[in-house]
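Student: Quick one: structure below, then a few questions.
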Amino acid sequence: MTESNDFVQIRHAQKSFGTLEVLKDISLNVARGQIVAIIGPSGSGKSTLLRAINDLDALTGGEVWLDGVQVNKKLPHRQYEKHINEMRQQIGMVFQHFNLFPHMTARENVTMAPKMLKGLTAEEADALAEEQLDKVGMLERIDYYPSQLSGGQKQRVAIARALAMKPKLMLFDEATSALDPELVGEVNQVMKKLAEEHMTMIIVTHEMDFAASVCDRVLFMDQGVVVEEGPPEQVFGNPQKDRTRAFLRKELDETE
Amino acid sequence: MGLDFTVIPKYLDVVLLGCLWTIAITVAAALVSFFGGILLAVVALYAPAVIRLPFRAFEFVFMGTPLLLQLFLIYFGLVQIGIDLPAFVAGVIGLGLHFAVYNSELIQTAILAVDRGQMEAARTLGLSRTQALRKVVVPQAVRAVIPPIGNNMIALLKDSALVSVIGVSELTLSAQRAIGATYRPFEFYLLAAAFYYVINLGMEWVQRRIERRIAISR
Ligand SMILES: Nc1ncnc2c1ncn2[C@@H]1O[C@H](COP(=O)(O)OP(=O)(O)OP(=O)(O)O)[C@@H](O)[C@H]1O
Ligand SMILES: [Mg+2]
């Protein structure tokens with residue numbers, strides 16, 4: 001356990017794809033239970049930053065820490081694989097396109113990893129699936145395959161799948177961007193519920209209203225740097241930087 | 001001498017027994033080719049070079065030489081180095097490995113076509129790459145290629161006639177034996193053809209059932 005103030009730490013994160021520098025010295029601390037929104041124009045590096053946290057995209061420089069343990073610690077390959085698999089169990093991730101396993105039912109999607117990695121018995125796994133799918137309002141569809149679910153329902157199952165590993169941190173990468181507008185609400189509601197339960201979350205989103213109502217802090221990224229950050233009232237209500245203002249104005253125009 | 005189908009009943013049991021052998025060898029070889037195909041595909045895509053290259057050489061031999069020759073090699077050739085296989089087993093291995101190579105090609109392509117997000121989602125949950133392949137990627141790839149694998153299995157059924165040359169009393173050889181006793185080639189070859197056709201229909205029926213069952217989980 002560490003000081004709650006630095007539950008998640010990103011220290012001088014730097015990432016290049018070849019000669020393209022996508023993250024330029026980004027630092028970020030997230031307290032336990034805090035909810036941070038990351039906003040910014042397309043290509044600004046939001047996804048890359050999020051994916052660096054669980055090492056899906058390895059940083060080219062800098063460190064990521066979770067609860068006092070360095071996620072991207074330098075280790076020989078074999079040891080690193082073991083270490084990162086353990087770290088990833090503690091970091092839930094939700095994708096824009098759900099990435100549910102199509103050959104498994106909702107139940108199997110939720111129980112596969114806990115059974116495999118935590119050695120749950122069949123009964124324990126079933127209880128876990130029921131608990132997690134109930135939480136996201138998908139208990140009635142527990143034995144449905146993804147092909148039988150709507151986008152919003154798929155995303156809720158995907159959230160239940162991540163929660164079933166009992167993560168310390170949840171990452172959301174535009175969890176509602178691929179949904180029909182009328183299905184966005186049900187997913188947002190699940191995320192709000194997690195917020196009420198004080199789940200630590202980092203949320204990349206295009207939904208300014210949602211960010212304003214749920215998040216403790218908003219980060220505006222552009223071209224690989226954090227341009228501005230603060231409580232939502234400040235970033236949305238009284239942005240300090242021209243680039244932030246320009247971005248917010250454009251977003252507002254688009255949603256009107 | 002015209003056609004006389006009345007000779008058939010007397011030898012029907014012989015031909016029917018051959019039919020059963022053909023079914024047995026086809027099913028056994030199909031299983032070898034299916035699981036062997038998965039293994040070969042995973043090795044080709046992910047194994048280190050020390051393992052991959054010998055497998056590649058093996059595939060090259062099985063792709064580039066006649067199945068008949070492969071059967072001779074396994075049945076008659078291996079005896080010289082002390083491996084004396086029963087004809088049925090030699091036939092299953094020869095047919096199975098031959099078609100495993102073809103299935104592997106299909107499965108490799110399908111593995112590469114599985115959406116990258118699937119591997120990512122599995123890794124994000126904490127699965128190792130091997131675990132993710134086994135539980136997430138390969139099962140999806142295999143589902144995607146059930147129809148073309150089914151076609152390979154029909155080809156396998158037809159090629160199973162080749163194991164008659166190493167003395168497995170399957171359908172073709174049984175028909176030949178009946179012909180040897182009756183001098184009625186047309187009647188018995190026609191009968192054998194009818195049986196192959198029926199087995200073929202049965203296989204297509206099984207394939208359709210499998211496809212229908214997995215349709216929902218794709
Ligand atoms: N695997 C990759 N290889 C090369 N370039 C990449 C790769 N992934 C991302 N990039 C580039 O990095 C930059 C940042 O991408 P990223 O996906 O992080 O942006 P984003 O802020 O999430 O954008 P969006 O809002 O469109 O999702 C982009 O210019 C993108 O083209
Ligand atoms: Mg993105």
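Following the order of the structure tokens, first chain is A, next is B, and so on, with residues numbered from 1 inside each chain and ligands from 1 in the order they appear.
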Neighbours of ligand 1 at 12 Å or closer, counting only C-alpha atoms and all ligand atoms: which residues, as number ranges by chain?
Tutor: A: 14-24, 38-52, 56-59, 95-97, 172-175, 177-178, 203-207, 220-226; B: 116
Student: Set the distance at 8 Å and use only C-alpha atoms: which residues neighbour Glu170 (chain B) once local chain neighbours fewer than 3 positions away are removed? I'd like the list as a PyMOL selection string.
Tutor: chain B and resi 17-22+161+163-164+173-174
Student: Can you pull out the residues contacting Pro139 (chain B)? Cut-off 12 Å, using only C-alpha atoms, and skip same-chain residues under 2 positions away; I want them as a PDB file with N, CA and C atoms, in the first residue's frame.
Tutor:
```
ATOM      1  N   PHE A 101     -15.346 -12.367 -26.554  1.00  0.00           N
ATOM      2  CA  PHE A 101     -14.969 -13.589 -27.253  1.00  0.00           C
ATOM      3  C   PHE A 101     -16.233 -14.199 -27.876  1.00  0.00           C
ATOM      4  N   PRO A 102     -16.318 -14.206 -29.211  1.00  0.00           N
ATOM      5  CA  PRO A 102     -17.586 -14.574 -29.850  1.00  0.00           C
ATOM      6  C   PRO A 102     -17.964 -16.041 -29.671  1.00  0.00           C
ATOM      7  N   HIS A 103     -16.970 -16.880 -29.370  1.00  0.00           N
ATOM      8  CA  HIS A 103     -17.261 -18.311 -29.246  1.00  0.00           C
ATOM      9  C   HIS A 103     -17.627 -18.700 -27.816  1.00  0.00           C
ATOM     10  N   MET A 104     -17.794 -17.696 -26.961  1.00  0.00           N
ATOM     11  CA  MET A 104     -18.166 -17.986 -25.577  1.00  0.00           C
ATOM     12  C   MET A 104     -19.428 -17.212 -25.218  1.00  0.00           C
TER      13      MET A 104
ATOM     14  N   PHE B  35      -6.592 -32.420 -35.601  1.00  0.00           N
ATOM     15  CA  PHE B  35      -5.746 -31.987 -34.485  1.00  0.00           C
ATOM     16  C   PHE B  35      -4.303 -31.781 -34.940  1.00  0.00           C
ATOM     17  N   ILE B  38      -4.115 -28.364 -36.530  1.00  0.00           N
ATOM     18  CA  ILE B  38      -4.020 -27.285 -35.541  1.00  0.00           C
ATOM     19  C   ILE B  38      -2.587 -27.178 -35.024  1.00  0.00           C
ATOM     20  N   VAL B  42      -0.035 -23.950 -35.501  1.00  0.00           N
ATOM     21  CA  VAL B  42       0.526 -23.189 -34.379  1.00  0.00           C
ATOM     22  C   VAL B  42       2.049 -23.222 -34.434  1.00  0.00           C
ATOM     23  N   ILE B 107      -5.891 -23.334 -41.445  1.00  0.00           N
ATOM     24  CA  ILE B 107      -5.969 -22.836 -40.065  1.00  0.00           C
ATOM     25  C   ILE B 107      -4.995 -21.675 -39.851  1.00  0.00           C
ATOM     26  N   ALA B 110      -6.538 -18.606 -41.108  1.00  0.00           N
ATOM     27  CA  ALA B 110      -7.642 -18.194 -40.234  1.00  0.00           C
ATOM     28  C   ALA B 110      -7.131 -17.592 -38.926  1.00  0.00           C
ATOM     29  N   ILE B 111      -6.043 -18.147 -38.393  1.00  0.00           N
ATOM     30  CA  ILE B 111      -5.482 -17.595 -37.151  1.00  0.00           C
ATOM     31  C   ILE B 111      -5.055 -16.146 -37.386  1.00  0.00           C
ATOM     32  N   VAL B 114      -7.953 -13.670 -37.359  1.00  0.00           N
ATOM     33  CA  VAL B 114      -8.714 -13.352 -36.138  1.00  0.00           C
ATOM     34  C   VAL B 114      -8.353 -11.932 -35.703  1.00  0.00           C
ATOM     35  N   GLN B 118      -8.937  -9.513 -30.167  1.00  0.00           N
ATOM     36  CA  GLN B 118      -9.204 -10.721 -29.388  1.00  0.00           C
ATOM     37  C   GLN B 118      -7.999 -11.100 -28.548  1.00  0.00           C
ATOM     38  N   GLN B 131      -1.772 -19.152 -23.571  1.00  0.00           N
ATOM     39  CA  GLN B 131      -3.133 -19.338 -23.062  1.00  0.00           C
ATOM     40  C   GLN B 131      -4.149 -18.645 -23.966  1.00  0.00           C
ATOM     41  N   ALA B 132      -3.797 -17.451 -24.409  1.00  0.00           N
ATOM     42  CA  ALA B 132      -4.710 -16.694 -25.265  1.00  0.00           C
ATOM     43  C   ALA B 132      -4.913 -17.404 -26.606  1.00  0.00           C
ATOM     44  N   LEU B 133      -3.845 -17.973 -27.133  1.00  0.00           N
ATOM     45  CA  LEU B 133      -3.961 -18.714 -28.392  1.00  0.00           C
ATOM     46  C   LEU B 133      -4.890 -19.903 -28.217  1.00  0.00           C
ATOM     47  N   ARG B 134      -4.671 -20.621 -27.130  1.00  0.00           N
ATOM     48  CA  ARG B 134      -5.404 -21.869 -26.909  1.00  0.00           C
ATOM     49  C   ARG B 134      -6.886 -21.627 -26.649  1.00  0.00           C
ATOM     50  N   LYS B 135      -7.191 -20.622 -25.828  1.00  0.00           N
ATOM     51  CA  LYS B 135      -8.577 -20.433 -25.410  1.00  0.00           C
ATOM     52  C   LYS B 135      -9.357 -19.478 -26.308  1.00  0.00           C
ATOM     53  N   VAL B 136      -8.651 -18.565 -26.949  1.00  0.00           N
ATOM     54  CA  VAL B 136      -9.358 -17.478 -27.645  1.00  0.00           C
ATOM     55  C   VAL B 136      -9.132 -17.501 -29.155  1.00  0.00           C
ATOM     56  N   VAL B 137      -7.877 -17.529 -29.571  1.00  0.00           N
ATOM     57  CA  VAL B 137      -7.600 -17.328 -31.004  1.00  0.00           C
ATOM     58  C   VAL B 137      -7.837 -18.599 -31.826  1.00  0.00           C
ATOM     59  N   ALA B 141     -10.417 -19.418 -34.958  1.00  0.00           N
ATOM     60  CA  ALA B 141      -9.860 -19.708 -36.286  1.00  0.00           C
ATOM     61  C   ALA B 141     -10.443 -21.013 -36.816  1.00  0.00           C
ATOM     62  N   VAL B 142     -10.510 -22.017 -35.960  1.00  0.00           N
ATOM     63  CA  VAL B 142     -11.011 -23.318 -36.395  1.00  0.00           C
ATOM     64  C   VAL B 142     -12.478 -23.218 -36.808  1.00  0.00           C
ATOM     65  N   ARG B 143     -13.274 -22.479 -36.035  1.00  0.00           N
ATOM     66  CA  ARG B 143     -14.678 -22.293 -36.412  1.00  0.00           C
ATOM     67  C   ARG B 143     -14.807 -21.661 -37.792  1.00  0.00           C
ATOM     68  N   ALA B 144     -13.898 -20.735 -38.078  1.00  0.00           N
ATOM     69  CA  ALA B 144     -13.989 -20.012 -39.346  1.00  0.00           C
ATOM     70  C   ALA B 144     -13.706 -20.911 -40.541  1.00  0.00           C
ATOM     71  N   VAL B 145     -12.929 -21.976 -40.350  1.00  0.00           N
ATOM     72  CA  VAL B 145     -12.550 -22.812 -41.503  1.00  0.00           C
ATOM     73  C   VAL B 145     -13.206 -24.189 -41.504  1.00  0.00           C
ATOM     74  N   ILE B 146     -14.262 -24.345 -40.739  1.00  0.00           N
ATOM     75  CA  ILE B 146     -14.980 -25.632 -40.767  1.00  0.00           C
ATOM     76  C   ILE B 146     -15.457 -25.984 -42.190  1.00  0.00           C
ATOM     77  N   ILE B 214     -22.269 -24.104 -34.639  1.00  0.00           N
ATOM     78  CA  ILE B 214     -21.309 -23.062 -34.297  1.00  0.00           C
ATOM     79  C   ILE B 214     -21.692 -21.703 -34.864  1.00  0.00           C
ATOM     80  N   SER B 217     -21.983 -18.964 -32.434  1.00  0.00           N
ATOM     81  CA  SER B 217     -20.802 -18.622 -31.641  1.00  0.00           C
ATOM     82  C   SER B 217     -19.661 -18.111 -32.512  1.00  0.00           C
ATOM     83  N   ARG B 218     -20.021 -17.347 -33.525  1.00  0.00           N
ATOM     84  CA  ARG B 218     -18.973 -16.798 -34.376  1.00  0.00           C
ATOM     85  C   ARG B 218     -19.053 -15.289 -34.445  1.00  0.00           C
TER      86      ARG B 218
END
```
Student: Restrict the distance test to only C-alpha atoms, flag each residue of chain A within 7 Å of chain B, and return the flagged residues as a short mmCIF file (atom, residue, chain, number, x, y, z; two decimals) with N, CA, C and O atoms, in the first residue's frame.
Tutor:
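Now in iface-v1.cif:
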```cif
data_model
loop_
_atom_site.label_atom_id
_atom_site.label_comp_id
_atom_site.auth_asym_id
_atom_site.auth_seq_id
_atom_site.Cartn_x
_atom_site.Cartn_y
_atom_site.Cartn_z
N ASN A 85 1.77 -10.38 -16.68
CA ASN A 85 0.48 -11.09 -16.62
C ASN A 85 -0.18 -10.90 -15.26
O ASN A 85 -1.39 -10.77 -15.17
N GLU A 86 0.64 -10.88 -14.21
CA GLU A 86 0.09 -10.63 -12.88
C GLU A 86 -0.42 -9.20 -12.74
O GLU A 86 -1.48 -8.96 -12.15
N ARG A 88 -1.47 -7.28 -15.15
CA ARG A 88 -2.67 -7.08 -15.98
C ARG A 88 -3.93 -7.62 -15.33
O ARG A 88 -5.03 -7.13 -15.58
N GLN A 89 -3.75 -8.65 -14.49
CA GLN A 89 -4.93 -9.15 -13.77
C GLN A 89 -5.53 -8.08 -12.87
O GLN A 89 -6.70 -8.14 -12.52
N GLY A 92 -8.21 -3.69 -15.22
CA GLY A 92 -9.28 -4.04 -16.17
C GLY A 92 -9.26 -3.07 -17.34
O GLY A 92 -8.94 -1.90 -17.18
N MET A 93 -9.58 -3.58 -18.53
CA MET A 93 -9.63 -2.68 -19.68
C MET A 93 -10.87 -2.93 -20.52
O MET A 93 -11.24 -4.07 -20.77
N ASN A 99 -14.56 -6.27 -27.99
CA ASN A 99 -13.66 -7.43 -28.02
C ASN A 99 -14.12 -8.58 -27.14
O ASN A 99 -13.31 -9.25 -26.51
N PHE A 101 -15.35 -12.37 -26.55
CA PHE A 101 -14.97 -13.59 -27.25
C PHE A 101 -16.23 -14.20 -27.88
O PHE A 101 -17.12 -14.64 -27.15
N PRO A 102 -16.32 -14.21 -29.21
CA PRO A 102 -17.59 -14.57 -29.85
C PRO A 102 -17.96 -16.04 -29.67
O PRO A 102 -19.12 -16.39 -29.79
N HIS A 103 -16.97 -16.88 -29.37
CA HIS A 103 -17.26 -18.31 -29.25
C HIS A 103 -17.63 -18.70 -27.82
O HIS A 103 -17.74 -19.88 -27.51
N MET A 104 -17.79 -17.70 -26.96
CA MET A 104 -18.17 -17.99 -25.58
C MET A 104 -19.43 -17.21 -25.22
O MET A 104 -19.63 -16.09 -25.68
N ALA A 113 -11.15 -16.21 -17.67
CA ALA A 113 -9.88 -15.81 -17.06
C ALA A 113 -9.81 -16.15 -15.56
O ALA A 113 -8.80 -16.70 -15.11
N TYR A 145 -24.84 -15.75 -26.48
CA TYR A 145 -23.57 -15.49 -27.16
C TYR A 145 -23.52 -14.02 -27.57
O TYR A 145 -24.57 -13.40 -27.78
N SER A 147 -23.09 -12.69 -30.34
CA SER A 147 -23.84 -12.42 -31.58
C SER A 147 -25.33 -12.21 -31.31
O SER A 147 -26.05 -11.73 -32.18
N ALA A 162 -14.19 -7.71 -17.27
CA ALA A 162 -13.04 -7.05 -16.65
C ALA A 162 -13.18 -7.03 -15.13
O ALA A 162 -12.22 -7.30 -14.41
#
```
Student: Just want the 10 Å neighbourhood of Leu53 (chain B), counted on only C-alpha atoms, with same-chain residues fewer than 6 positions away dropped. Output as a VMD selection string.
Tutor: chain B and resid 43 to 44 47 59
Student: For the structure I just gave you, how does DSSP split region 120-255 of chain A - specifically, which residues are helix (DSSP H, G or I)? Reply as a count of residues only.
Tutor: 76
Student: To test your reading of the structure, identify every residue in region 8-154 of chain A that backbone DSSP assigns to strand (DSSP E), and report it as a PyMOL selection string.
Tutor: chain A and resi 8-17+20-30+35-39+61-66+69-70+91-94
Student: Please produce an output containing C-alpha atoms for each residue in the selection, written as a short mmCIF file (atom, residue, chain, number, x, y, z; two decimals), in the first residue's frame.
Tutor:
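New file part11.cif:
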```
data_model
loop_
_atom_site.label_atom_id
_atom_site.label_comp_id
_atom_site.auth_asym_id
_atom_site.auth_seq_id
_atom_site.Cartn_x
_atom_site.Cartn_y
_atom_site.Cartn_z
CA VAL A 8 -1.44 5.17 -10.13
CA GLN A 9 1.64 7.02 -11.26
CA ILE A 10 2.80 7.75 -14.75
CA ARG A 11 6.26 9.24 -14.69
CA HIS A 12 7.68 10.94 -17.75
CA ALA A 13 5.93 8.64 -20.18
CA GLN A 14 7.43 8.82 -23.63
CA LYS A 15 6.35 6.80 -26.63
CA SER A 16 7.44 6.82 -30.23
CA PHE A 17 6.26 4.73 -33.14
CA LEU A 20 6.60 9.62 -34.70
CA GLU A 21 6.62 10.82 -31.11
CA VAL A 22 3.14 10.13 -29.77
CA LEU A 23 3.62 10.74 -26.04
CA LYS A 24 6.00 13.49 -24.98
CA ASP A 25 6.98 13.32 -21.32
CA ILE A 26 3.58 12.80 -19.73
CA SER A 27 3.26 12.53 -15.96
CA LEU A 28 0.05 11.78 -14.13
CA ASN A 29 -0.92 10.74 -10.62
CA VAL A 30 -4.27 9.21 -9.79
CA ILE A 35 -11.84 9.05 -11.67
CA VAL A 36 -9.90 10.78 -14.40
CA ALA A 37 -11.19 11.62 -17.85
CA ILE A 38 -8.83 12.03 -20.77
CA ILE A 39 -10.14 14.13 -23.63
CA GLY A 61 10.62 5.94 -21.90
CA GLY A 62 9.27 6.54 -18.43
CA GLU A 63 7.58 4.45 -15.78
CA VAL A 64 4.11 3.29 -14.81
CA TRP A 65 3.36 2.38 -11.21
CA LEU A 66 0.29 0.82 -9.68
CA VAL A 69 4.62 -1.74 -7.96
CA GLN A 70 6.21 -0.74 -11.21
CA ILE A 91 -5.93 -3.67 -14.42
CA GLY A 92 -9.28 -4.04 -16.17
CA MET A 93 -9.63 -2.68 -19.68
CA VAL A 94 -12.69 -1.92 -21.75
#
```
Student: Quick one: of B:Phe34, B:Gly91, B:Leu156, B:Leu97, who's nearest to Phe55 (chain B), counting only C-alpha atoms?
Tutor: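 The answer is B:Leu97, which sits nearest to Phe55 (chain B).
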Student: At a cut-off of 10 Å, using only C-alpha atoms, what residues contact Gln176 (chain B)? Leave out same-chain residues fewer than 4 positions from it and give the result as a list in words.
Tutor: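 Counting only C-alpha atoms, the residues come to Val15, Ser164, Ser169, Leu171, Thr172, Gly180, Ala181, Thr182, Tyr183, Arg184, Pro185, Phe188, Tyr189 and Ala192 of chain B.
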Student: Compile the contact shell of Gln155 (chain A) as a tab-separated table (two decimals) with all heavy atoms, in the first residue's frame: residues with an atom at most 8 Å away, counting only C-alpha atoms, same-chain residues fewer than 3 positions apart removed.
Tutor:
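Output file part.tsv is given in full below:
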```tsv
chain	number	residue	atom	x	y	z
A	94	VAL	N	-11.49	-1.84	-20.93
A	94	VAL	CA	-12.69	-1.92	-21.75
A	94	VAL	C	-12.42	-1.19	-23.06
A	94	VAL	O	-11.92	-0.07	-23.05
A	94	VAL	CB	-13.90	-1.30	-21.01
A	94	VAL	CG1	-15.12	-1.28	-21.91
A	94	VAL	CG2	-14.18	-2.09	-19.73
A	98	PHE	N	-15.54	-3.54	-27.88
A	98	PHE	CA	-15.93	-4.59	-26.91
A	98	PHE	C	-14.93	-5.74	-26.82
A	98	PHE	O	-14.56	-6.15	-25.74
A	98	PHE	CB	-17.32	-5.17	-27.21
A	98	PHE	CG	-18.28	-4.22	-27.88
A	98	PHE	CD1	-18.90	-4.53	-29.09
A	98	PHE	CD2	-18.54	-2.97	-27.32
A	98	PHE	CE1	-19.76	-3.64	-29.70
A	98	PHE	CE2	-19.41	-2.07	-27.93
A	98	PHE	CZ	-20.02	-2.40	-29.12
A	151	GLY	N	-25.11	-3.84	-29.06
A	151	GLY	CA	-23.82	-3.24	-28.72
A	151	GLY	C	-23.71	-2.85	-27.25
A	151	GLY	O	-22.71	-3.14	-26.59
A	152	GLY	N	-24.76	-2.24	-26.75
A	152	GLY	CA	-24.74	-1.82	-25.35
A	152	GLY	C	-24.65	-3.00	-24.40
A	152	GLY	O	-23.94	-2.96	-23.40
A	158	ALA	N	-18.68	-6.94	-21.43
A	158	ALA	CA	-17.23	-6.72	-21.44
A	158	ALA	C	-16.77	-6.07	-20.13
A	158	ALA	O	-15.70	-6.39	-19.61
A	158	ALA	CB	-16.83	-5.85	-22.63
A	159	ILE	N	-17.59	-5.19	-19.61
A	159	ILE	CA	-17.25	-4.57	-18.32
A	159	ILE	C	-17.29	-5.62	-17.21
A	159	ILE	O	-16.38	-5.70	-16.37
A	159	ILE	CB	-18.20	-3.38	-18.01
A	159	ILE	CG1	-17.98	-2.25	-19.03
A	159	ILE	CG2	-17.98	-2.87	-16.58
A	159	ILE	CD1	-18.99	-1.11	-18.93
A	175	ALA	N	-15.46	3.75	-24.48
A	175	ALA	CA	-16.34	2.58	-24.31
A	175	ALA	C	-17.68	2.75	-24.99
A	175	ALA	O	-18.36	1.76	-25.27
A	175	ALA	CB	-16.53	2.30	-22.82
A	187	VAL	N	-24.65	1.99	-20.85
A	187	VAL	CA	-23.24	1.74	-20.51
A	187	VAL	C	-22.75	2.83	-19.55
A	187	VAL	O	-22.06	2.54	-18.56
A	187	VAL	CB	-22.37	1.68	-21.78
A	187	VAL	CG1	-20.89	1.60	-21.43
A	187	VAL	CG2	-22.78	0.49	-22.62
```
Student: Can you pull out every residue within 12 Å of region 198-203 of chain B, counting only C-alpha atoms, but drop anything in the same chain fewer than 5 positions away, and send it as a compact mmCIF listing (two decimals) with N, CA, C and O atoms, in the first residue's frame?
Tutor:
```
# COMPACT_ATOMS: atom_id res chain seq x y z
N LEU B 16 -20.06 -54.66 -47.47
CA LEU B 16 -20.49 -53.87 -46.31
C LEU B 16 -19.40 -53.76 -45.25
O LEU B 16 -19.17 -52.71 -44.66
N CYS B 19 -17.07 -51.32 -46.30
CA CYS B 19 -17.66 -50.02 -46.07
C CYS B 19 -17.35 -49.54 -44.64
O CYS B 19 -16.96 -48.39 -44.42
N LEU B 20 -17.50 -50.44 -43.69
CA LEU B 20 -17.22 -50.09 -42.29
C LEU B 20 -15.75 -49.71 -42.11
O LEU B 20 -15.42 -48.76 -41.41
N TRP B 21 -14.88 -50.47 -42.76
CA TRP B 21 -13.45 -50.15 -42.66
C TRP B 21 -13.16 -48.77 -43.26
O TRP B 21 -12.36 -48.01 -42.74
N THR B 22 -13.81 -48.48 -44.36
CA THR B 22 -13.61 -47.17 -44.99
C THR B 22 -14.07 -46.06 -44.04
O THR B 22 -13.38 -45.04 -43.87
N ILE B 23 -15.21 -46.28 -43.40
CA ILE B 23 -15.70 -45.28 -42.44
C ILE B 23 -14.71 -45.14 -41.28
O ILE B 23 -14.33 -44.03 -40.89
N ALA B 24 -14.24 -46.28 -40.78
CA ALA B 24 -13.33 -46.24 -39.63
C ALA B 24 -12.05 -45.50 -39.99
O ALA B 24 -11.59 -44.63 -39.24
N THR B 26 -11.54 -43.39 -42.37
CA THR B 26 -11.80 -41.98 -42.69
C THR B 26 -11.97 -41.16 -41.41
O THR B 26 -11.39 -40.08 -41.27
N VAL B 27 -12.75 -41.69 -40.47
CA VAL B 27 -12.97 -40.96 -39.22
C VAL B 27 -11.66 -40.81 -38.45
O VAL B 27 -11.31 -39.71 -37.99
N ALA B 30 -9.42 -38.44 -40.25
CA ALA B 30 -9.95 -37.08 -40.16
C ALA B 30 -9.56 -36.45 -38.82
O ALA B 30 -9.17 -35.28 -38.76
N PRO B 147 -16.04 -25.06 -42.96
CA PRO B 147 -16.48 -25.47 -44.31
C PRO B 147 -15.34 -25.97 -45.21
O PRO B 147 -15.45 -27.07 -45.75
N ILE B 149 -12.45 -27.13 -44.31
CA ILE B 149 -11.90 -28.37 -43.73
C ILE B 149 -12.83 -29.54 -44.10
O ILE B 149 -12.37 -30.63 -44.44
N GLY B 150 -14.12 -29.28 -44.10
CA GLY B 150 -15.08 -30.29 -44.50
C GLY B 150 -14.81 -30.78 -45.92
O GLY B 150 -14.86 -31.98 -46.20
N ASN B 151 -14.48 -29.85 -46.82
CA ASN B 151 -14.14 -30.25 -48.19
C ASN B 151 -12.91 -31.13 -48.21
O ASN B 151 -12.85 -32.12 -48.95
N ASN B 152 -11.91 -30.77 -47.38
CA ASN B 152 -10.73 -31.62 -47.30
C ASN B 152 -11.09 -33.03 -46.81
O ASN B 152 -10.50 -34.01 -47.26
N MET B 153 -12.05 -33.10 -45.91
CA MET B 153 -12.41 -34.41 -45.37
C MET B 153 -13.13 -35.28 -46.41
O MET B 153 -13.00 -36.49 -46.42
N ILE B 154 -13.86 -34.64 -47.31
CA ILE B 154 -14.49 -35.38 -48.41
C ILE B 154 -13.39 -35.93 -49.34
O ILE B 154 -13.44 -37.07 -49.78
N ALA B 155 -12.39 -35.09 -49.58
CA ALA B 155 -11.25 -35.54 -50.40
C ALA B 155 -10.54 -36.70 -49.70
O ALA B 155 -10.10 -37.66 -50.35
N LEU B 156 -10.46 -36.60 -48.37
CA LEU B 156 -9.82 -37.67 -47.60
C LEU B 156 -10.57 -38.99 -47.77
O LEU B 156 -9.97 -40.04 -47.96
N LEU B 157 -11.90 -38.90 -47.72
CA LEU B 157 -12.72 -40.11 -47.91
C LEU B 157 -12.37 -40.77 -49.25
O LEU B 157 -12.14 -41.97 -49.34
N LYS B 158 -12.30 -39.95 -50.30
CA LYS B 158 -12.05 -40.52 -51.62
C LYS B 158 -10.64 -41.10 -51.72
O LYS B 158 -10.43 -42.17 -52.28
N LEU B 171 -13.38 -50.45 -48.62
CA LEU B 171 -14.45 -50.62 -49.62
C LEU B 171 -13.94 -51.02 -51.01
O LEU B 171 -14.44 -51.97 -51.62
N LEU B 191 -21.53 -50.74 -57.14
CA LEU B 191 -21.99 -50.85 -55.76
C LEU B 191 -21.09 -50.05 -54.83
O LEU B 191 -21.55 -49.29 -53.96
N ALA B 192 -19.76 -50.22 -55.02
CA ALA B 192 -18.81 -49.49 -54.19
C ALA B 192 -19.01 -47.98 -54.36
O ALA B 192 -19.04 -47.22 -53.37
N ALA B 193 -19.20 -47.57 -55.61
CA ALA B 193 -19.42 -46.14 -55.88
C ALA B 193 -20.65 -45.64 -55.12
O ALA B 193 -20.64 -44.56 -54.51
N ARG B 208 -22.86 -30.08 -41.99
CA ARG B 208 -23.91 -29.06 -41.88
C ARG B 208 -24.36 -28.88 -40.45
O ARG B 208 -24.61 -27.78 -39.99
N ARG B 209 -24.49 -30.00 -39.74
CA ARG B 209 -24.90 -29.92 -38.33
C ARG B 209 -23.88 -29.14 -37.50
O ARG B 209 -24.25 -28.31 -36.67
N ILE B 210 -22.59 -29.43 -37.73
CA ILE B 210 -21.54 -28.71 -36.99
C ILE B 210 -21.62 -27.22 -37.32
O ILE B 210 -21.60 -26.37 -36.43
```
Student: For Arg249 (chain A), which residue out of A:Met208, A:Leu117, A:Val218, A:Met191 is the nearest one, using only C-alpha atoms?
Tutor: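 Looking at the shortest contact to Arg249 (chain A), the residue is A:Met208.
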